[in-house]
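K.L.:
The structure under discussion is supplied below as structure tokens; questions concerning it will follow.
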Amino acid sequence: MIRSVRHADIAAKAQQAPGQWVLAQTYPSGVTAAAMARCVRLGERPGGTAYRPAGRYDARIDTVPDGVSLWVRCLLDTPAVLAAGLRWLFDTEQPDTAVVTHLGMSIPGAGNRWYGLAPSGADGQVVISANVSRVTWVRDDDTRPANPLGYGELEWLKGLIEHLGYAVNGAWNGYPGISGSISLAQAAHPSLTAAVDRYRAGCLAHPAAGVFCGCEAWKQAIAAAVRPAYTEVSR
Ligand SMILES: [Zn+2]
């Protein structure tokens with residue numbers, strides 16, 4: 001007999017620990033579990049209405065000895081995480097020993113997304129990229145993503161960045177691709193730019209190894225970089 005759960009309780013538990021997978025229920029059939037996983041992601045009936053708004057929760061299924069388990073997790077709130085990313089780019093002081101790659105850092109987003117924070121991307125500008133985390137491909141055609149960025153999604157992100165007070169001066173790619181980029185008018189924090197310059201110069205102790213140096217000092221310089229801080233989650 002299958003113990004039934006109150007999905008409102010599972011949703012509440014997941015919300016208390018964003019990002020952590022919470023076991024919801026084990027179903028006798030994989031079809032049922034997969035259908036329920038879809039309802040969780042979309043906040044749809046039957047059963048998924050506790051997981052609203054759509055995209056707020058992620059779901060995965062696992063085959064176990066007595067059936068197929070459904071796990072859910074609450075995703076970090078994209079606007080809050082993005083705000084933290086912008087603070088990291090423009091307002092965070094990096095130690096004068098820190099090294100940050102030209103790719104910068106990445107932050108997670110709601111709904112199967114991650115965002116890249118490049119301090120010095122195209123033409124030396126700050127570039128924020130939106131990316132699909134887990135890409136699935138159209139059957140028999142591994143050049144066409146089945147779950148690209150949404151139509152208008154990059155425009156939404158641009159609007160969100162502008163709403164947070166930053167001027168955008170370019171945008172490219174996006175739908176129907178799996179990545180899109182937005183460039184910002186403001187330069188990154190000078191200490192962050194300096195950390196990227198130190199990366200580009202490579203390990204000074206071992207010039208032959210350059211940016212790929214594996215020495216302890218180079219690894220420590222990379223580890224010394226202050227990362228985006230995004231603990232806050234709002235609903
Ligand atoms: Zn070295």
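Within each chain, counting starts at residue 1; across the structure tokens, chains are named A, B, ... in the order shown, with ligands numbered 1 upward in that order.
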Output as a tab-separated table one row per residue of stretch 48-135 of chain A within 9 Å of stretch 222-232 of chain A: the closest atom pair and its distance in Å to one decimal place, counting only C-alpha atoms, sorted by chain and residue number ascending.

P.N.:
residue	atom	partner	partner_atom	distance
A:Leu76	CA	A:Glu232	CA	8.4
A:Asp77	CA	A:Glu232	CA	8.3
A:Ala80	CA	A:Glu232	CA	6.7
A:Val81	CA	A:Tyr230	CA	5.4
A:Leu82	CA	A:Tyr230	CA	8.5
A:Ala83	CA	A:Tyr230	CA	8.4
A:Ala84	CA	A:Tyr230	CA	5.6
A:Gly85	CA	A:Pro228	CA	5.7
A:Leu86	CA	A:Pro228	CA	8.6
A:Arg87	CA	A:Pro228	CA	7.7
A:Trp88	CA	A:Pro228	CA	5.2
A:Leu89	CA	A:Pro228	CA	8.4
A:Thr92	CA	A:Val226	CA	7.8
A:Glu93	CA	A:Val226	CA	7.9
A:Gln94	CA	A:Val226	CA	6.0
A:Pro95	CA	A:Ala225	CA	6.9
A:Thr97	CA	A:Ala224	CA	7.2
A:Ala98	CA	A:Ala225	CA	4.8
A:Val99	CA	A:Ile222	CA	4.7
A:Val100	CA	A:Ile222	CA	6.1
A:Thr101	CA	A:Ile222	CA	8.2
A:Met105	CA	A:Arg227	CA	7.4
A:Ser106	CA	A:Pro228	CA	8.5
A:Ile107	CA	A:Pro228	CA	7.7

K.L.:
Would you output that residue set with C-alpha atoms, as a CSV table (one decimal), in the first residue's frame?

P.N.:
chain,number,residue,atom,x,y,z
A,76,LEU,CA,16.3,29.8,-5.4
A,77,ASP,CA,14.4,32.8,-6.3
A,80,ALA,CA,17.1,37.7,-5.5
A,81,VAL,CA,19.9,35.6,-6.8
A,82,LEU,CA,20.4,37.8,-9.8
A,83,ALA,CA,20.5,40.9,-7.5
A,84,ALA,CA,23.2,39.1,-5.5
A,85,GLY,CA,25.1,38.5,-8.8
A,86,LEU,CA,24.9,42.2,-9.7
A,87,ARG,CA,26.2,43.1,-6.3
A,88,TRP,CA,29.1,40.7,-6.8
A,89,LEU,CA,29.9,42.3,-10.2
A,92,THR,CA,32.0,43.6,-4.1
A,93,GLU,CA,35.6,44.3,-3.1
A,94,GLN,CA,38.0,41.5,-4.2
A,95,PRO,CA,41.1,40.8,-2.2
A,97,THR,CA,45.6,38.6,-4.1
A,98,ALA,CA,42.5,37.1,-5.7
A,99,VAL,CA,42.3,35.7,-9.2
A,100,VAL,CA,39.0,35.4,-11.1
A,101,THR,CA,38.8,33.9,-14.5
A,105,MET,CA,31.2,33.1,-11.7
A,106,SER,CA,27.9,31.3,-12.2
A,107,ILE,CA,24.7,31.5,-10.1

K.L.:
How would you write, as number ranges by chain, the set of residues no farther than 12 Å from ligand 1 when counting only C-alpha atoms and all ligand atoms?

P.N.:
A: 199, 201-222

K.L.:
Could you save the residues just selected, with C-alpha atoms, as a CSV table (one decimal), in the first residue's frame?

P.N.:
chain,number,residue,atom,x,y,z
A,199,TYR,CA,44.1,35.7,-14.2
A,201,ALA,CA,48.6,37.4,-16.7
A,202,GLY,CA,48.8,33.8,-15.5
A,203,CYS,CA,50.9,32.4,-12.7
A,204,LEU,CA,53.9,34.7,-12.4
A,205,ALA,CA,55.9,32.1,-10.5
A,206,HIS,CA,55.5,29.6,-13.4
A,207,PRO,CA,55.1,31.6,-16.6
A,208,ALA,CA,55.3,28.5,-18.8
A,209,ALA,CA,52.1,27.1,-17.1
A,210,GLY,CA,50.3,30.4,-17.4
A,211,VAL,CA,46.6,30.4,-16.4
A,212,PHE,CA,46.6,26.6,-16.2
A,213,CYS,CA,49.2,26.5,-13.5
A,214,GLY,CA,48.5,23.8,-10.8
A,215,CYS,CA,50.7,25.2,-8.1
A,216,GLU,CA,49.4,25.8,-4.6
A,217,ALA,CA,49.8,29.6,-4.8
A,218,TRP,CA,47.8,29.8,-8.0
A,219,LYS,CA,45.0,27.6,-6.6
A,220,GLN,CA,44.9,29.7,-3.4
A,221,ALA,CA,44.7,32.9,-5.4
A,222,ILE,CA,41.6,31.4,-7.3

K.L.:
Can you list every residue in stretch 92-149 of chain A that DSSP puts in strand (DSSP E or B), as a PyMOL selection string?

P.N.:
chain A and resi 105-109+113-118+126-132+137-138+141-145

K.L.:
When you look at A:Arg6 with a cut-off of 10 Å (counting only C-alpha atoms), what residues show up, excluding the ones that are within fewer than 6 positions of it in the same chain? I need them as a PyMOL selection string.

P.N.:
chain A and resi 24-25+47+50

K.L.:
Between atom CA of A:Asp123 and atom CA of A:Ala185, measure the distance and give it in Å to one decimal.

P.N.:
11.1 Å

K.L.:
Check the DSSP output for the backbone and give back, as JSON, numbers by chain, the residues of stretch 5-166 of chain A in alpha helix (DSSP H).

P.N.:
{"A": [7, 8, 9, 10, 11, 12, 13, 14, 15, 16, 30, 31, 32, 33, 34, 35, 36, 37, 38, 39, 40, 41, 42, 78, 79, 80, 81, 82, 83, 84, 85, 86, 87, 88, 89, 90, 91, 153, 154, 155, 156, 157, 158, 159, 160, 161, 162, 163]}

K.L.:
Quick one: pull the distance between atom CA of A:Val72 and atom CA of A:Leu23, Å, one decimal.

P.N.:
6.5 Å

K.L.:
Any idea what the distance is between atom CA of A:Gly104 and atom CA of A:Pro176?

P.N.:
24.8 Å

K.L.:
Could you check which of A:Val22, A:Val5, A:Val132, A:Val168 is closest to A:Leu184, using only C-alpha atoms?

P.N.:
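With only C-alpha atoms as the atom set, the closest residue is A:Val168.
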
K.L.:
Residues near A:Ala188, anyone? I mean within 9 Å using only C-alpha atoms, not counting same-chain ones fewer than 3 positions away, as number ranges by chain.

P.N.:
A: 88-91, 119-120, 125-126, 191-193
